[in-house]
Each structure stands twice: as structure tokens, then as C-alpha cells.
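*Asks:* The structure follows.
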Amino acid sequence: GGGGGGGGGGDDDEVAADGDGVGAAQQLIIEDMVEYDFLYYRKYFVGTEHDNYVGMGEGDLDNVGAVVLSIATEGMGLDATTRAYKAIVRTKRGDERIALNSKKSSRAERVRDVLAKCGYGDLKLTKVPPSIKSFSEKLLEYEKKFVVTRYKFGVLYVHGAQRDEDEIYANVDTSAEFDAFLALLGDKVELMGWSKYTGGLDVKRGSTGTHSLYASYRQFEIMFHVAPWLPYFPDDHQQVERKRHLGNDVVLLVYLERDAANFDPSILRSHFNHSFVCVRRADARAVSAAYAAAARAHREGRAAGGYG
């Protein structure tokens, strides 16, 4: 989840949980973590009938602290005799999202079943009166603080025998194949006057170049810091201005020309670069472009086979 990166899964992206503490008349499912990067409460609860509960861990659950539970009815469950529900259990340990199919009509029973599945079976909760409209608004504000929808990714271009960080950051001239790869990632946008997510780039004075690469997917936005598109200063052999942006990106995409050597992440001195995705055009003769890719975390080894 959070920072890093990624997209939300579909409604069918679920993982069956074990059946501890669950009666035969119902089924509990812990929803796939891929759904954690979007506003779950806003999508499934806000604007629909749902109940909110609050409580405080006591006794054996004293270390749990405050607990906030939300349960919403979705409709028919696995068959005509069951109903489908979604629930969120919020504690200082994080959120647990649960899909529940149950024949039980009692709200109290459903609450107990959800809490038991999370290991909070003895917890006592109090229902928040529906008349307190501001409570749902506060929950939505709380959720927004923990869901990342904007990302900055760096893009490096490598060709020939380049194995030095300063050489790679000094690249200005690229290739048509590199441009084609960038077109797959997003849209080339003019920075001056850009009104959407900027990723820290200058959209008023042009100090970070004239164009950048931008993409959006569902509610997510990505601004790519394309090294060759950032300002180049001939007298600065370290290209500090470029490193100021890409050096602070957790994820770097490294495009390798066909004549480039395998890429070694340890040549980059930034302490913030952590994940690397190396991409190389697989076959220039193919009618449509195909790419070979490999991903690695920082300092897992030097230029292992297949990495580039």
C-alpha cells in the first residue's frame, strides 16, 4: 500500500480467509491489499446506508486503543438467503477491510462476527447515532490522510558503455525508441501553466524545463521526472539540478538501449532511490514494440543476470 505505489483492484479481487470463529451460515473474506490505495470508505460507504461504531480496548485488548467500525449493506449475498456487507475496522494498527456474507439479520451479531475475525471478540462498541452527520465527514477526512493518489517516478536513459552516475545524468540526446517507450507511459505535457499534479516541477518560471511526462489512472496521478528533459548545465559535471528531482524519487525507471550494459543500482549515490525497473526494447524488428523488464530493490547485488 501507500506510498508506493500502485492501482486499485476490481471488486472481485478477494482472498478467502480462514474460517476461525465463523459460523457455517456466513462467509468472511479479507479483501485484497491491492484495494488499499483508494478511498474505500468514500466509494463503498459514503452516500449509502451504513452504521458506525466506536469503542476502546480494555483488559486483554488494552493495547488496541480506540476502535472505529463501519458496516454497510451491499445487497444479495452468495444466495437468496444471505446478505452481503462490507466492513472497515480501524485501529492504531491500521485498517482491516472485510467482505461479509451472512444470514444473520441482527446488527449486533454481524458486529460480533466482524470483531471476532479481527481478534477483537470481547470488544464493546457503541453505535454512533445517524443524526451525527459530521462523524462520517471526519472518517472521510481521516481516510484521505492515509491514501496516496499522487506519485513521482524518475526516468533515466542509458546507452553504450555508460556505468557512471554522472555520465547517465548528463544524457541529453536520446532515441526514437526511447520516445516511443515514454509514449507508453503517459502524455508529454507543457509545464508552463500546468494545473494538475506537478510532482515538484516548476510550472510558473520554467526552471525545470519546458515539458514533462504525466499519466493518470482512475484517481491516481503520476508525474515522471525524465532526466534528459530536465535542464542540462554543461559546467556542472554532476548535474545537481537533475539529481535534485530524480535523487528524491523512490522508484526509478531505467531505459536501456540495446547497446547498453546491464545496469547496476549501486552506482547511484542517492539514499532515497529504492526500487528500480529496467526496461530494454526486446526486438527492434518486431511490427509492434515488445520490451523486456526486470525489477530490483537497491543494493541487492551487482548487475545480476537478466537485470537489463
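If you're wondering about the labels, chains in the C-alpha cells are A, B, ... by order shown, residues count from 1 in each chain, ligands from 1 in order shown.
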Residues of segment 106-160 of chain A within 7 Å of segment 222-239 of chain A: nearest atom pair and distance (Å, one decimal) for each, counting only C-alpha atoms, sorted by chain and number, as JSON lines?

*Replies:*
```
{"residue": "A:Arg150", "atom": "CA", "partner": "A:Ile222", "partner_atom": "CA", "distance": 5.9}
{"residue": "A:Tyr151", "atom": "CA", "partner": "A:Ile222", "partner_atom": "CA", "distance": 4.8}
{"residue": "A:Lys152", "atom": "CA", "partner": "A:Met223", "partner_atom": "CA", "distance": 5.1}
{"residue": "A:Phe153", "atom": "CA", "partner": "A:Phe224", "partner_atom": "CA", "distance": 4.8}
{"residue": "A:Gly154", "atom": "CA", "partner": "A:His225", "partner_atom": "CA", "distance": 4.6}
{"residue": "A:Val155", "atom": "CA", "partner": "A:Val226", "partner_atom": "CA", "distance": 4.7}
{"residue": "A:Leu156", "atom": "CA", "partner": "A:Ala227", "partner_atom": "CA", "distance": 5.6}
```

*Asks:* Within 10 Å of segment 252-259 of chain A, counting only C-alpha atoms, which residues qualify if same-chain residues fewer than 3 places away don't, as JSON, numbers by chain?

*Replies:* {"A": [152, 153, 154, 155, 156, 157, 158, 159, 160, 161, 162, 174, 175, 177, 178, 181, 182, 224, 225, 226, 246, 247, 248, 249, 262, 263, 265, 273, 274, 275, 276, 277, 278, 279, 280, 281, 282, 283, 284, 293, 294, 295, 308]}

*Asks:* Record the distance separating atom CA of Ala289 of chain A and atom CA of Val250 of chain A, expressed in Å with one decimal.

*Replies:*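 According to the coordinates, atom CA of Ala289 of chain A and atom CA of Val250 of chain A are separated by 27.2 Å.
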
*Asks:* In terms of the shortest atom-to-atom distance over only C-alpha atoms, which of A:Lys117, A:Lys92, A:Lys124, A:Arg218 is closest to Gly59 of chain A?

*Replies:*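 Of A:Lys117, A:Lys92, A:Lys124, A:Arg218, the one nearest Gly59 of chain A is A:Lys124, counting only C-alpha atoms.
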
*Asks:* Each residue of segment 123-177 of chain A lying at most 10 Å from segment 44-57 of chain A should get a row with its shortest atom-to-atom pair and the distance in Å to one decimal, counting only C-alpha atoms; could you produce that, ordered by chain and increasing number, as a Markdown table?

*Replies:*
```
| residue | atom | partner | partner_atom | distance |
| --- | --- | --- | --- | --- |
| A:Leu123 | CA | A:Gly57 | CA | 6.3 |
| A:Lys124 | CA | A:Gly55 | CA | 6.2 |
| A:Leu125 | CA | A:Gly55 | CA | 4.5 |
| A:Thr126 | CA | A:Tyr53 | CA | 5.3 |
| A:Lys127 | CA | A:Tyr53 | CA | 4.3 |
| A:Val128 | CA | A:Tyr53 | CA | 5.4 |
| A:Pro129 | CA | A:Asn52 | CA | 8.1 |
| A:Pro130 | CA | A:Asp51 | CA | 7.5 |
| A:Phe135 | CA | A:Asn52 | CA | 8.6 |
| A:Ser136 | CA | A:Val46 | CA | 7.4 |
| A:Glu137 | CA | A:Val46 | CA | 8.7 |
| A:Leu139 | CA | A:Val46 | CA | 9.7 |
| A:Leu140 | CA | A:Val46 | CA | 8.2 |
```

*Asks:* Can you tell me, as a PyMOL selection string, which residues in segment 82-217 of chain A count as alpha helix (DSSP H) by DSSP?

*Replies:* chain A and resi 107-117+133-146+165-169+176-185

*Asks:* Run DSSP on the backbone of this structure and report the residues of segment 115-279 of chain A it assigns to strand (DSSP E or B), as JSON, numbers by chain.

*Replies:* {"A": [125, 126, 127, 150, 151, 152, 153, 154, 155, 156, 157, 158, 187, 188, 189, 190, 211, 212, 213, 214, 215, 216, 217, 220, 221, 222, 223, 224, 225, 226, 251, 252, 253, 254, 255, 256, 275, 276, 277, 278, 279]}

*Asks:* So how many Å separate atom CA of Gly121 of chain A and atom CA of Tyr41 of chain A, to one decimal?

*Replies:*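 Pair atom CA of Gly121 of chain A / atom CA of Tyr41 of chain A returns 22.9 Å.
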
*Asks:* Please provide the set of residues having any atom within 12 Å of Leu191 of chain A, restricted to only C-alpha atoms, with same-chain residues fewer than 4 positions apart removed, written as a list in words.

*Replies:* Asp187, Ser195, Lys196, Tyr197, Thr198, Gly199, Gly200, Leu201, Asp202, Val203, Lys204, Arg205, Gly206, Ser207, Thr208, Gly209, Thr210, His211, Ser212, Leu213, Tyr214, Met223, His225, Trp229 and Leu230 of chain A

*Asks:* Those same residues, written as a PDB file, in the first residue's frame with N, CA and C atoms?

*Replies:*
```pdb
ATOM      1  N   ASP A 187       1.575  11.021 -21.193  1.00  0.00           N
ATOM      2  CA  ASP A 187       1.470  12.093 -22.180  1.00  0.00           C
ATOM      3  C   ASP A 187       2.542  13.150 -21.930  1.00  0.00           C
ATOM      4  N   SER A 195      -1.840  22.736 -14.638  1.00  0.00           N
ATOM      5  CA  SER A 195      -2.724  22.918 -13.479  1.00  0.00           C
ATOM      6  C   SER A 195      -2.960  21.644 -12.681  1.00  0.00           C
ATOM      7  N   LYS A 196      -2.489  20.494 -13.182  1.00  0.00           N
ATOM      8  CA  LYS A 196      -2.691  19.248 -12.440  1.00  0.00           C
ATOM      9  C   LYS A 196      -1.466  18.959 -11.582  1.00  0.00           C
ATOM     10  N   TYR A 197      -1.317  17.740 -11.144  1.00  0.00           N
ATOM     11  CA  TYR A 197      -0.217  17.374 -10.259  1.00  0.00           C
ATOM     12  C   TYR A 197       1.132  17.678 -10.914  1.00  0.00           C
ATOM     13  N   THR A 198       2.003  18.361 -10.197  1.00  0.00           N
ATOM     14  CA  THR A 198       3.273  18.824 -10.769  1.00  0.00           C
ATOM     15  C   THR A 198       4.470  17.955 -10.397  1.00  0.00           C
ATOM     16  N   GLY A 199       4.351  17.179  -9.336  1.00  0.00           N
ATOM     17  CA  GLY A 199       5.494  16.371  -8.909  1.00  0.00           C
ATOM     18  C   GLY A 199       6.695  17.204  -8.514  1.00  0.00           C
ATOM     19  N   GLY A 200       6.472  18.428  -8.060  1.00  0.00           N
ATOM     20  CA  GLY A 200       7.560  19.303  -7.634  1.00  0.00           C
ATOM     21  C   GLY A 200       8.221  20.074  -8.758  1.00  0.00           C
ATOM     22  N   LEU A 201       7.693  19.973  -9.982  1.00  0.00           N
ATOM     23  CA  LEU A 201       8.283  20.701 -11.106  1.00  0.00           C
ATOM     24  C   LEU A 201       7.737  22.124 -11.176  1.00  0.00           C
ATOM     25  N   ASP A 202       8.522  23.004 -11.753  1.00  0.00           N
ATOM     26  CA  ASP A 202       8.178  24.426 -11.836  1.00  0.00           C
ATOM     27  C   ASP A 202       7.233  24.669 -13.017  1.00  0.00           C
ATOM     28  N   VAL A 203       6.041  25.139 -12.723  1.00  0.00           N
ATOM     29  CA  VAL A 203       5.058  25.402 -13.782  1.00  0.00           C
ATOM     30  C   VAL A 203       4.809  26.901 -13.957  1.00  0.00           C
ATOM     31  N   LYS A 204       5.655  27.730 -13.341  1.00  0.00           N
ATOM     32  CA  LYS A 204       5.470  29.181 -13.427  1.00  0.00           C
ATOM     33  C   LYS A 204       6.651  29.896 -14.098  1.00  0.00           C
ATOM     34  N   ARG A 205       7.873  29.440 -13.839  1.00  0.00           N
ATOM     35  CA  ARG A 205       9.047  30.146 -14.354  1.00  0.00           C
ATOM     36  C   ARG A 205       9.867  29.316 -15.345  1.00  0.00           C
ATOM     37  N   GLY A 206       9.540  28.054 -15.503  1.00  0.00           N
ATOM     38  CA  GLY A 206      10.259  27.226 -16.460  1.00  0.00           C
ATOM     39  C   GLY A 206      11.627  26.774 -16.013  1.00  0.00           C
ATOM     40  N   SER A 207      11.905  26.795 -14.719  1.00  0.00           N
ATOM     41  CA  SER A 207      13.244  26.455 -14.238  1.00  0.00           C
ATOM     42  C   SER A 207      13.533  24.955 -14.283  1.00  0.00           C
ATOM     43  N   THR A 208      12.496  24.133 -14.500  1.00  0.00           N
ATOM     44  CA  THR A 208      12.712  22.683 -14.553  1.00  0.00           C
ATOM     45  C   THR A 208      12.434  22.119 -15.953  1.00  0.00           C
ATOM     46  N   GLY A 209      12.582  22.957 -16.953  1.00  0.00           N
ATOM     47  CA  GLY A 209      12.380  22.504 -18.321  1.00  0.00           C
ATOM     48  C   GLY A 209      11.030  22.935 -18.877  1.00  0.00           C
ATOM     49  N   THR A 210      10.817  22.596 -20.126  1.00  0.00           N
ATOM     50  CA  THR A 210       9.587  23.028 -20.801  1.00  0.00           C
ATOM     51  C   THR A 210       8.494  21.973 -20.781  1.00  0.00           C
ATOM     52  N   HIS A 211       8.885  20.689 -20.717  1.00  0.00           N
ATOM     53  CA  HIS A 211       7.901  19.616 -20.800  1.00  0.00           C
ATOM     54  C   HIS A 211       8.205  18.522 -19.768  1.00  0.00           C
ATOM     55  N   SER A 212       7.180  17.735 -19.482  1.00  0.00           N
ATOM     56  CA  SER A 212       7.371  16.559 -18.641  1.00  0.00           C
ATOM     57  C   SER A 212       6.394  15.482 -19.089  1.00  0.00           C
ATOM     58  N   LEU A 213       6.420  14.356 -18.398  1.00  0.00           N
ATOM     59  CA  LEU A 213       5.574  13.211 -18.752  1.00  0.00           C
ATOM     60  C   LEU A 213       4.581  12.978 -17.621  1.00  0.00           C
ATOM     61  N   TYR A 214       3.305  12.907 -17.977  1.00  0.00           N
ATOM     62  CA  TYR A 214       2.228  12.805 -16.978  1.00  0.00           C
ATOM     63  C   TYR A 214       1.278  11.674 -17.349  1.00  0.00           C
ATOM     64  N   MET A 223       3.552  11.902 -12.071  1.00  0.00           N
ATOM     65  CA  MET A 223       4.418  12.802 -12.815  1.00  0.00           C
ATOM     66  C   MET A 223       5.794  12.147 -12.890  1.00  0.00           C
ATOM     67  N   HIS A 225       9.725  12.242 -13.695  1.00  0.00           N
ATOM     68  CA  HIS A 225      10.885  13.123 -13.825  1.00  0.00           C
ATOM     69  C   HIS A 225      11.811  12.492 -14.855  1.00  0.00           C
ATOM     70  N   TRP A 229      15.004  15.387 -20.063  1.00  0.00           N
ATOM     71  CA  TRP A 229      14.128  16.541 -20.311  1.00  0.00           C
ATOM     72  C   TRP A 229      14.342  17.664 -19.299  1.00  0.00           C
ATOM     73  N   LEU A 230      15.017  17.370 -18.220  1.00  0.00           N
ATOM     74  CA  LEU A 230      15.314  18.403 -17.227  1.00  0.00           C
ATOM     75  C   LEU A 230      16.503  19.234 -17.698  1.00  0.00           C
TER      76      LEU A 230
END
```

*Asks:* If I take atom CA of Lys138 of chain A and atom CA of Val89 of chain A, how far is one from the other in Å, to one decimal?

*Replies:*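 Distance between the two atoms: 15.2 Å.
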
*Asks:* Which residue is closest to Gly186 of chain A? Choose from A:Ile267, A:Ala72, A:Ala215, A:Ala87 and count only C-alpha atoms.

*Replies:*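 For Gly186 of chain A, the nearest of the given residues is A:Ala215.
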
*Asks:* Which one of A:Val148, A:Ala176, A:Cys118, A:Val251 sits closest to Thr91 of chain A if you count only C-alpha atoms?

*Replies:*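 Distance minimum relative to Thr91 of chain A lands on A:Cys118.
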